[in-house]
Structure formats: C-alpha cells, structure tokens
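Heads up, the thing below is written out as structure tokens.
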Amino acid sequence: MQTLADKKILITGGSGHLGSALIHYLVGSRGIKPQNIRVFYLKGSPLNSLADIEGLDFFAGNVLNAADVEAACKDVHLVFHMIGLTTFDPRQKKLQWQVNVHGTRNVLEAIRKSLTVEKLCYTSTVNALAPPWPQGAIGNFDNSNPYNIQLRHHTFASRQASLDFIERTYTTTGWEKEIGICYYDSKLAAHELVDEYVHQHAINAVSVLPGTMFGPYDYLIGTGMYLLSLYKNQMPVVLNGGMPLAHVMDVAEGHVLAMEKAQRGSQYILSGPDSDNRSFKDMCGIIAGVLQKRFSDKTIRKPQLVVPTGIAMAAAFFAEKQATLFNQPMLLSRDAVKAGAAFLYYTSANATRDLGYQPKRTFKQAVEEMLEYYIQHNLLQAAGRYVDLKPNRE
C-alpha cells in the first residue's frame, strides 16, 4: 500500500475544480502538510479556489513546455495529473488535443526520467468510454469499450489507431480536422498513452475515470454553468441524454484511494451513487429545486421540454457561426449536442470492490454546496466558464 505521509505530492491542474477539491481533502481530511503539496498551474490563471490554504508550493508553468514539467517533478514522490481542457468549442480542437495528449506525454516523460517519482494517478474521464450498450444500461469496462460498442463516440477504431494518431500529431498538420468530439478523442488517446507507458516504460501509474462532478471549489466555472444558467432562467429546454453525477469531494477521496491501493496499470470509474445516474431533465430539476429553496423570492423555471436532437443540432450550427463571426465564447456546439444526446450512465462498482470507494454524498448535496460556494465567492453573476472565456489559455 502506497503511503502519502511525508511524501512530496505534485498536482497538475491543482487550481481547477477537482484539483482544488483534492488539495482541500488532502489537507483537511488526511493531514497532509500544505508545504508538501506542489500545485502546478498556468501562469496568470486564478488561484482563488486555494486562497484559504496557506503554505502550498505553487509552481507556475505550462504543461506543453517539457522543461516546466520536468522542473515541477523535481524531488516529487507522487503525481496526480489532472490538467485537462474540457471545452466543446471546435475552434480549440488543436489546443485541446495538445493540452490533453501532448501535455500528458510531457508528464509521463518527466516521470520516466525522474529518480524520485514513485507513482502517478492519471485523471481520465468516463468520456474515454463508449455509451453503455445496450442503451440505458449502467456502464462498466465490459459494456462500454470505445472501440467495439455499437454506439461509438470516438474517432479511433482501435487502441493502436489511437496511438498511431498521436504520433501523427507531432509530425503533420491539419490532423485536427479528422477529430470528432475532441474532448472525447483526446482523453481516450491520453488514456491509451498512459497505459502504453505502463507497459513499455514500466511507469507505475493508475488511471481513474471520474463522472460529472459538482460541489465546492469550482471557481473557474465548470459544471457550475448549469447552475448559473438555471439561476438566470436561461435554460428553457434540455437534451435527451443523461450523465453520471458525483460530488467532487467523493471523487477527490477516490483519487487518494487509487494512489494508495490501486495496482500498477489498473483503472477505475469514480462517480456518485448509481441512483445519481440522471437524465438532463432530472438533473436540472434538482438544481432548480435547490435554487428555488435558497431564493424563495425569485422564480426559478425548470426546463420542461426535451428538445429533439435534430433541432438542437441545427441551433448549435447557427450558434457556432455566430460565435465564430463575432469572436464570442461558444457555449453551444454540435459536439456538445452529440455528447449531451446520449445516456452516459456508469457504475463505480470496481472501485468499491478493490479500493473501498464509497460515495458519501448525493448529487443534491453537491449542488447545495456548490451554490453556497458560488454565493460566498460572488460567482452567481459570472459571464461563463473560464475555459470558454479564455480560448488561448494553454
């Protein structure tokens, strides 16, 4: 069993939602000294989510700069690699691939060269898996293979095709035009890259695949966009799909369990209770209910209409054109519609069995805590997600 006590821990993307939650969990629940936690973040990006923790070892760098990553890994024992670009803006496909894939390779190379790093916990995503088959099933690694399930969301036909495409992105141009949903493709490719380093370079790494997280510390505005949109009554309709919903602090604890207990090369889904695999309509109904209770003098409208995918795709087409023409954030895209039109339900049963992972909080609790965090940090009037407002952030 891997121990965290007295280890120097590097967290890439530590200022993000999950990274901040992990740091709060390590310091608050595991007693890790802040000075033993190195936070790798992009220079100039907000650190507000960590403002209440003194003594952290902040390291400003760019994950696309191999020298920065190597320097960040110096004298480090354990690495949580969490940096990822989650946008569905097609204008950012090339950058997204570079951050999610090339950045991950830089981390793997730095670890391969390191004389001190003992273990890597890589944050993948359930979106590296296919929609569970048959439709409506609860997904696991057997019924959600991204290469051979009937409902495929990824571009690549095989693991080797994923790895071959990675190499092409270093030597050719125009490859971004061949990618479908880039967030899905890039996270799948990065996931395969980690596995390749495990087997070809003997890296001691494990991969965890989180569901969709809500909860505190979302200062950069990620999934909180659902909360903001409903608060502002800007979501009259929803897509006919669903997601595995989780409290970010449960997923943070799952990362630590994976670092402590998971065997080299293993992979685990980390989400909420199976009962929190919810449709978008159900999810938004819960968020609206929490908002209505907190703001009893304000009318919060629940989305009543599930919009057909074809109509949503047409609306997304025009939204893309408008955002591109006027250089605006792209809050709706065809890739986002494709992703949102599927029922992506998954179970954490293998993590429960092997790691003792047990989600302690419900989705409703996550929304309640996210809302209080947003109120405390004056985020309810935020214009949008940081990743969408800062298209050249990495």
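FYI, nothing fancy with the structure tokens labels: chains A, B, ... in order, residues from 1 per chain, ligands from 1 as they appear.
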
*asked:* Give me, as a ChimeraX atom specification, all polymer residues having an atom no more than 9 Å from Asp388 of chain A, counting only C-alpha atoms and skipping those fewer than 6 positions away in the same chain.
replied: /A:87-89,328-331

Generate the output file for the selected residues, C-alpha atoms, as a CSV table (one decimal), in the first residue's frame.
chain,number,residue,atom,x,y,z
A,87,THR,CA,-14.3,22.6,-23.9
A,88,PHE,CA,-16.6,21.5,-26.7
A,89,ASP,CA,-15.6,24.6,-28.8
A,328,GLN,CA,-17.6,35.2,-28.8
A,329,PRO,CA,-17.4,32.3,-26.4
A,330,MET,CA,-19.1,29.2,-27.9
A,331,LEU,CA,-21.5,27.9,-25.3

With a distance cut-off of 8 Å and only C-alpha atoms, select the neighbouring residues of segment 259-269 of chain A, excluding the residue or stretch itself and same-chain residues fewer than 4 positions from it, and output the selection as a compact mmCIF listing (two decimals) with C-alpha atoms, in the first residue's frame.
# COMPACT_ATOMS: atom_id res chain seq x y z
CA MET A 1 0.00 0.00 0.00
CA GLN A 2 1.34 3.41 -1.02
CA THR A 3 1.59 5.88 1.86
CA LEU A 4 1.11 9.64 1.40
CA LYS A 119 3.59 6.62 -8.63
CA LEU A 120 1.25 8.51 -10.96
CA CYS A 121 -2.53 8.77 -10.66
CA THR A 125 -12.83 10.52 -17.66
CA VAL A 126 -15.82 8.27 -18.24
CA ASN A 140 -18.58 -0.59 -16.89
CA ASP A 195 -1.30 2.56 -20.50
CA VAL A 198 2.92 1.48 -18.03
CA HIS A 199 3.72 -1.45 -20.27
CA ASN A 204 3.89 2.90 -12.02
CA ALA A 205 0.61 4.54 -12.99
CA VAL A 206 -3.09 4.04 -12.39
CA SER A 207 -5.99 5.71 -14.20
CA VAL A 208 -9.24 6.93 -12.70
CA LEU A 209 -12.28 7.87 -14.77
CA PRO A 210 -14.50 10.40 -12.96
CA GLY A 211 -18.13 11.09 -13.73
CA HIS A 255 -8.18 9.59 -6.25
CA TYR A 346 -21.71 4.33 -15.30
CA THR A 347 -21.03 2.49 -12.05
CA SER A 348 -18.10 2.72 -9.63
CA ALA A 349 -18.56 -0.92 -8.59
CA ASN A 350 -14.98 -1.95 -9.42
CA ALA A 351 -13.58 0.92 -7.29
CA ASP A 354 -10.99 -3.08 -4.98
CA LEU A 355 -10.40 0.26 -3.27

*Counting only C-alpha atoms, what is within 12 Å of Gln376 of chain A, bar same-chain residues fewer than 3 positions away, as a list in words?*
Asn48, Ser49, Pro216, Tyr217, Asp218, Tyr219, Glu369, Met370, Leu371, Glu372, Tyr373, Leu379 and Leu380 of chain A

_Nearest residue to Pro359 of chain A from the set A:His247, A:Lys232, A:Lys187, A:Lys293 (distances using only C-alpha atoms)_ = A:His247

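The space between atom CA of Cys182 of chain A and atom CA of Val337 of chain A spans 13.2 Å.
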
*Determine which residues of segment 98-230 of chain A DSSP labels as strand (DSSP E or B) from the backbone of this structure, then write them out as a list in words.*
Lys119, Leu120, Cys121, Tyr122, Thr123, Gly139, Ala205, Val206, Ser207, Val208, Leu209, Pro210, Thr212, Met213 and Phe214 of chain A

*asked:* Which residue is closest to Leu188 of chain A? Choose from A:Arg105, A:Arg168, A:His201, A:Arg159 and count only C-alpha atoms.
replied: A:Arg159

*Can you check which residues of segment 96-338 of chain A DSSP gives as alpha helix (DSSP H) on the backbone and send them as a VMD selection string?*
chain A and resid 96 to 97 103 to 113 159 to 171 182 to 200 224 to 231 248 to 261 280 to 294 309 to 325 334 to 338

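Comparing the minimum interatomic distances between Lys281 of chain A and each of A:Gly215, A:Gly340, A:Gly254, A:Gly310, counting only C-alpha atoms, we find that A:Gly340 sits nearest.
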
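Closest approach to Arg152 of chain A among A:Gly103, A:Pro34, A:Gly136, A:Pro131: A:Pro131, based on only C-alpha atoms.
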
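Remark: for Asp250 of chain A, the closest of the candidate residues A:Tyr231, A:Tyr122, A:Phe363, A:Phe343 is A:Phe363 (distances computed over only C-alpha atoms).
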
_Shortest interatomic distance to Cys284 of chain A - which of A:Gly31, A:Ser333, A:Ser124, A:Leu305, counting only C-alpha atoms_ = A:Leu305

*asked:* Give me the residues near Leu78 of chain A as a list in words, where near means some atom within 7 Å (using only C-alpha atoms) and where sequence neighbours in that chain fewer than 6 positions away do not count.
replied: Lys8, Ile9, Leu10, Val117, Glu118, Lys119 and Leu120 of chain A
